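Note: the block below is data_17.csv and it holds CSV, C-alpha atoms and all ligand atoms.
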```
chain,number,residue,atom,x,y,z
A,9,MET,CA,13.8,302.1,170.6
A,10,GLU,CA,13.2,299.2,168.3
A,11,THR,CA,16.8,297.9,169.0
A,12,ARG,CA,16.4,298.3,172.7
A,13,MET,CA,13.2,296.3,172.7
A,14,ASN,CA,14.9,293.6,170.7
A,15,LEU,CA,17.9,293.5,173.1
A,16,ARG,CA,15.6,293.2,176.0
A,17,THR,CA,13.6,290.4,174.5
A,18,THR,CA,16.8,288.6,173.5
A,19,CYS,CA,18.0,288.9,177.1
A,20,MET,CA,14.8,287.5,178.5
A,21,VAL,CA,14.9,284.6,176.1
A,22,LEU,CA,18.5,283.9,177.1
A,23,VAL,CA,17.6,283.9,180.7
A,24,ALA,CA,14.7,281.7,180.1
A,25,SER,CA,16.9,279.2,178.1
A,26,ILE,CA,19.5,279.1,180.9
A,27,VAL,CA,16.8,278.4,183.4
A,28,THR,CA,15.3,275.6,181.2
A,29,LEU,CA,18.8,274.2,180.5
A,30,GLY,CA,19.6,274.2,184.2
A,31,ALA,CA,16.4,272.3,185.0
A,32,GLY,CA,17.0,270.0,182.2
A,33,SER,CA,20.5,269.1,183.3
A,34,LEU,CA,19.3,268.5,186.8
A,35,LEU,CA,16.9,266.0,185.5
A,36,TRP,CA,19.5,264.6,183.3
A,37,HIS,CA,21.7,263.6,186.3
A,38,SER,CA,18.9,261.6,187.9
A,39,PRO,CA,17.9,258.5,185.8
A,40,ALA,CA,14.4,258.5,187.2
A,41,GLY,CA,13.9,262.1,186.4
A,42,ALA,CA,15.3,261.7,183.0
A,43,ALA,CA,12.8,258.9,182.2
A,44,ASP,CA,9.9,261.1,183.4
A,45,ALA,CA,11.1,264.0,181.2
A,46,THR,CA,11.0,261.9,178.1
A,47,PRO,CA,8.2,263.2,175.8
A,48,ALA,CA,5.2,260.9,175.9
A,49,ALA,CA,5.4,258.1,173.3
A,50,PRO,CA,2.6,257.9,170.8
A,51,ALA,CA,-0.4,255.9,172.3
A,52,ALA,CA,0.7,252.3,172.6
A,53,LYS,CA,-0.9,249.9,170.1
A,54,PRO,CA,-2.9,247.0,171.6
A,55,TYR,CA,-1.0,244.6,169.3
A,56,THR,CA,2.6,243.6,168.7
A,57,VAL,CA,3.6,242.8,165.1
A,58,LYS,CA,7.2,241.8,164.1
A,59,ASP,CA,8.4,241.3,160.5
A,60,GLY,CA,4.9,242.0,159.2
A,61,ASN,CA,3.5,238.6,160.2
A,62,LYS,CA,4.5,237.6,163.7
A,63,VAL,CA,2.0,238.7,166.4
A,64,ASP,CA,1.5,238.5,170.1
A,65,MET,CA,-0.7,235.7,171.4
A,66,ASN,CA,-3.9,237.8,171.9
A,67,THR,CA,-3.7,239.2,168.3
A,68,TYR,CA,-3.1,235.6,167.2
A,69,LYS,CA,-6.3,234.5,169.0
A,70,GLY,CA,-8.1,237.4,167.4
A,71,PHE,CA,-7.0,236.0,164.0
A,72,LEU,CA,-8.3,232.5,164.9
A,73,TYR,CA,-11.7,233.7,166.2
A,74,TYR,CA,-12.1,236.1,163.2
A,75,GLY,CA,-11.6,233.0,161.0
A,76,ASP,CA,-14.3,231.2,163.0
A,77,ALA,CA,-16.9,233.9,163.3
A,78,CYS,CA,-16.5,236.7,160.8
A,79,LEU,CA,-14.5,235.4,157.8
A,80,ARG,CA,-17.4,233.7,156.1
A,81,CYS,CA,-19.1,237.1,155.5
A,82,HIS,CA,-16.3,239.7,155.8
A,83,GLY,CA,-13.8,237.7,153.8
A,84,PRO,CA,-10.2,236.6,154.4
A,85,ASP,CA,-8.0,239.1,156.3
A,86,GLY,CA,-10.9,241.4,157.1
A,87,SER,CA,-10.8,242.7,153.6
A,88,GLY,CA,-14.5,242.4,152.8
A,89,SER,CA,-16.7,240.5,150.4
A,90,SER,CA,-19.5,241.3,148.0
A,91,TYR,CA,-21.8,240.7,151.0
A,92,ALA,CA,-20.2,242.4,154.0
A,93,PRO,CA,-17.9,245.5,154.3
A,94,ASN,CA,-14.1,245.6,154.4
A,95,LEU,CA,-13.4,245.8,158.1
A,96,THR,CA,-9.9,247.2,157.6
A,97,GLN,CA,-11.6,250.3,156.2
A,98,VAL,CA,-14.5,250.2,158.8
A,99,LEU,CA,-11.9,250.4,161.6
A,100,LYS,CA,-10.5,253.6,160.3
A,101,ARG,CA,-13.8,255.5,160.9
A,102,LEU,CA,-15.4,253.7,163.8
A,103,THR,CA,-14.3,253.7,167.4
A,104,LYS,CA,-13.5,250.5,169.3
A,105,GLU,CA,-16.8,250.9,171.2
A,106,GLN,CA,-18.8,251.3,168.0
A,107,VAL,CA,-17.2,248.2,166.5
A,108,GLU,CA,-17.8,246.1,169.6
A,109,ASN,CA,-21.4,247.3,170.0
A,110,THR,CA,-22.2,246.3,166.4
A,111,VAL,CA,-20.7,242.8,167.0
A,112,ILE,CA,-22.6,242.3,170.3
A,113,ASN,CA,-25.9,243.8,169.0
A,114,GLY,CA,-25.8,243.2,165.3
A,115,LYS,CA,-26.9,245.6,162.6
A,116,LYS,CA,-29.4,245.5,159.8
A,117,ASP,CA,-29.1,247.9,156.8
A,118,VAL,CA,-32.7,249.0,156.4
A,119,SER,CA,-31.8,251.6,153.8
A,120,GLN,CA,-31.0,248.9,151.2
A,121,SER,CA,-33.5,246.7,149.4
A,122,SER,CA,-31.1,243.8,149.8
A,123,ASP,CA,-31.1,242.0,153.2
A,124,LEU,CA,-27.7,242.9,154.6
A,125,VAL,CA,-27.6,241.6,158.1
A,126,MET,CA,-24.8,241.7,160.6
A,127,PRO,CA,-25.7,239.0,163.1
A,128,ALA,CA,-25.6,239.7,166.9
A,129,PHE,CA,-22.9,237.8,168.7
A,130,GLY,CA,-23.9,238.8,172.2
A,131,THR,CA,-24.7,235.2,173.2
A,132,ASP,CA,-21.7,233.7,171.5
A,133,ALA,CA,-19.3,233.2,174.4
A,134,ASP,CA,-16.2,232.6,172.1
A,135,VAL,CA,-16.7,235.9,170.3
A,136,VAL,CA,-17.6,237.9,173.5
A,137,GLU,CA,-14.6,236.6,175.3
A,138,ASN,CA,-12.3,237.3,172.4
A,139,LEU,CA,-13.9,240.6,171.3
A,140,ASP,CA,-10.8,242.6,172.2
A,141,ASN,CA,-8.5,240.1,170.5
A,142,ILE,CA,-10.6,240.2,167.3
A,143,TYR,CA,-10.5,244.0,167.4
A,144,ASP,CA,-6.8,244.0,168.0
A,145,TYR,CA,-6.2,241.7,165.0
A,146,LEU,CA,-8.4,243.8,162.8
A,147,LEU,CA,-6.7,247.0,164.0
A,148,ALA,CA,-3.3,245.6,163.1
A,149,ARG,CA,-4.7,244.8,159.7
A,150,SER,CA,-6.3,248.2,159.4
A,151,ASP,CA,-3.2,250.0,160.4
A,152,GLY,CA,-1.2,248.1,157.8
A,153,ALA,CA,1.1,246.7,160.5
A,154,LEU,CA,0.0,243.1,159.7
A,155,GLY,CA,0.0,241.7,156.2
A,156,ARG,CA,-2.6,239.3,154.7
A,157,GLY,CA,-2.7,235.6,155.4
A,158,HIS,CA,-2.0,233.4,158.4
A,159,PRO,CA,0.2,235.1,160.9
A,160,GLU,CA,2.7,233.3,163.2
A,161,HIS,CA,2.7,233.9,166.9
A,162,LEU,CA,5.7,235.2,168.8
A,163,GLU,CA,7.2,233.1,171.5
A,164,GLN,CA,6.2,234.6,174.9
B,201,LIG,C1,-23.6,236.4,158.3
B,201,LIG,C2,-22.6,237.4,157.8
B,201,LIG,C3,-21.8,238.1,158.8
B,201,LIG,C4,-21.0,237.7,159.8
B,201,LIG,C5,-20.8,236.2,160.2
B,201,LIG,C6,-20.4,238.8,160.4
B,201,LIG,N1,-20.8,239.9,159.8
B,201,LIG,FE1,-20.2,241.8,160.3
B,201,LIG,N2,-21.5,242.6,158.9
B,201,LIG,C7,-22.2,241.8,158.0
B,201,LIG,C8,-23.0,242.7,157.1
B,201,LIG,C9,-23.9,242.3,156.0
B,201,LIG,C10,-22.7,244.0,157.6
B,201,LIG,C11,-23.3,245.3,157.0
B,201,LIG,C12,-24.5,245.6,157.8
B,201,LIG,C13,-25.1,247.0,157.5
B,201,LIG,O1,-24.4,247.8,156.9
B,201,LIG,O2,-26.2,247.2,158.0
B,201,LIG,C14,-21.8,243.9,158.7
B,201,LIG,C15,-21.3,245.0,159.4
B,201,LIG,C16,-20.3,244.9,160.4
B,201,LIG,C17,-19.8,246.0,161.1
B,201,LIG,C18,-20.2,247.4,161.0
B,201,LIG,C19,-19.7,248.2,159.8
B,201,LIG,C20,-20.2,249.6,159.8
B,201,LIG,O3,-19.9,250.2,158.8
B,201,LIG,O4,-21.0,250.0,160.7
B,201,LIG,C21,-18.8,245.5,161.9
B,201,LIG,C22,-17.9,246.3,162.9
B,201,LIG,C23,-18.7,244.1,161.7
B,201,LIG,N3,-19.7,243.7,160.8
B,201,LIG,C24,-17.9,243.2,162.4
B,201,LIG,C25,-18.0,241.8,162.3
B,201,LIG,C26,-17.2,241.0,163.1
B,201,LIG,C27,-16.0,241.4,164.0
B,201,LIG,C28,-17.6,239.7,162.9
B,201,LIG,C29,-17.2,238.4,163.6
B,201,LIG,C30,-17.3,238.4,165.0
B,201,LIG,C31,-18.7,239.8,162.0
B,201,LIG,N4,-18.9,241.1,161.6
B,201,LIG,C32,-19.4,238.7,161.5
B,201,LIG,C33,-22.2,240.5,157.9
B,201,LIG,C34,-21.6,239.6,158.8
```

Show me the file's structure as structure tokens.
Ligand code: HEC
Amino acid sequence: METRMNLRTTCMVLVASIVTLGAGSLLWHSPAGAADATPAAPAAKPYTVKDGNKVDMNTYKGFLYYGDACLRCHGPDGSGSSYAPNLTQVLKRLTKEQVENTVINGKKDVSQSSDLVMPAFGTDADVVENLDNIYDYLLARSDGALGRGHPEHLEQ
């Protein structure tokens, strides 16, 4: 009884495999179909980094505007200071929306006796226009894809 069940299951699996293989090889012969059948790649990153320090133009702009607007408090490379948090860590726990909301609206830590204030950048056109670029730069830093220091930009 046991053996018969197993045999039956094996047969069914075999049939299923043959059907799958058949469908697979059909796709294989058509280049378009084969491309569609490729498993989804991991979500694309919004930045490109080569050799650890060469970045696409938007990420490069993000680096420049970070230097203009954020570095004086958050330190070089987004890595924090005694006054403001390390943004490479912050980006691991906040969503892009949360980060961008804080930059636009600011934040004041009322739980602390010290006056920690994240200014609102909602009226700073340079920052608003480059918010995605600044985020992408910080994400590349946070992911460990981009090292410290002044990146180079890739020819495009
Ligand atoms: C004047 C100093 C100052 C400047 C300039 C500044 N920040 Fe901040 N930022 C802070 C401080 C202080 C905090 C912590 C505030 C708190 O915890 O309430 C903070 C918090 C943040 C947070 C939220 C962290 C969290 O855990 O919620 C983000 C995101 C952030 N800053 C991004 C930026 C970006 C991007 C820029 C540049 C566009 C920038 N900041 C410029 C001082 C600054």

How would you report the residues lying within 7 Å of ligand LIG 201 (chain B), as a PyMOL selection string, if you count all atoms listed in the file? chain A and resi 74+77-82+91-93+95+98+107-108+110-111+115-118+124-127+129+135+142-143

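Note that the spacing between atom CA of Leu72 of chain A and atom CA of Lys100 of chain A amounts to 21.7 Å.
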
Fewer than 5 positions away in the same chain doesn't count, so skip those; otherwise give me all residues within 8 Å of segment 144-155 of chain A, counting only C-alpha atoms, as a VMD selection string. chain A and resid 54 to 55 57 60 to 61 66 to 68 70 to 71 85 to 86 95 to 97 99 to 100

Restricting the output to C-alpha atoms, write the selected residues as a PDB file, in the coordinates of the input.
```
ATOM      1  CA  PRO A  54      -2.900 247.000 171.600  1.00  0.00           C
ATOM      2  CA  TYR A  55      -1.000 244.600 169.300  1.00  0.00           C
ATOM      3  CA  VAL A  57       3.600 242.800 165.100  1.00  0.00           C
ATOM      4  CA  GLY A  60       4.900 242.000 159.200  1.00  0.00           C
ATOM      5  CA  ASN A  61       3.500 238.600 160.200  1.00  0.00           C
ATOM      6  CA  ASN A  66      -3.900 237.800 171.900  1.00  0.00           C
ATOM      7  CA  THR A  67      -3.700 239.200 168.300  1.00  0.00           C
ATOM      8  CA  TYR A  68      -3.100 235.600 167.200  1.00  0.00           C
ATOM      9  CA  GLY A  70      -8.100 237.400 167.400  1.00  0.00           C
ATOM     10  CA  PHE A  71      -7.000 236.000 164.000  1.00  0.00           C
ATOM     11  CA  ASP A  85      -8.000 239.100 156.300  1.00  0.00           C
ATOM     12  CA  GLY A  86     -10.900 241.400 157.100  1.00  0.00           C
ATOM     13  CA  LEU A  95     -13.400 245.800 158.100  1.00  0.00           C
ATOM     14  CA  THR A  96      -9.900 247.200 157.600  1.00  0.00           C
ATOM     15  CA  GLN A  97     -11.600 250.300 156.200  1.00  0.00           C
ATOM     16  CA  LEU A  99     -11.900 250.400 161.600  1.00  0.00           C
ATOM     17  CA  LYS A 100     -10.500 253.600 160.300  1.00  0.00           C
TER      18      LYS A 100
END
```

Under the rule that only C-alpha atoms are counted, which of A:Glu163, A:Asn138, A:Asn113, A:Ala133 is the nearest residue to Lys69 of chain A?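 When distances to Lys69 of chain A are compared using only C-alpha atoms, the smallest one comes from A:Asn138.
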
Just how far from atom CA of Asn141 of chain A is atom CA of Asn109 of chain A, in Å to one decimal?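 Between these atoms lies a distance of 14.8 Å.
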
One decimal, Å: what's the distance from atom CA of Asp59 of chain A over to atom CA of Gly75 of chain A, could you say? 21.7 Å

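Taking all atoms listed in the file into account, Glu160 of chain A lies nearest to A:Lys58 out of the set A:Pro84, A:Pro50, A:Gly114, A:Lys58.
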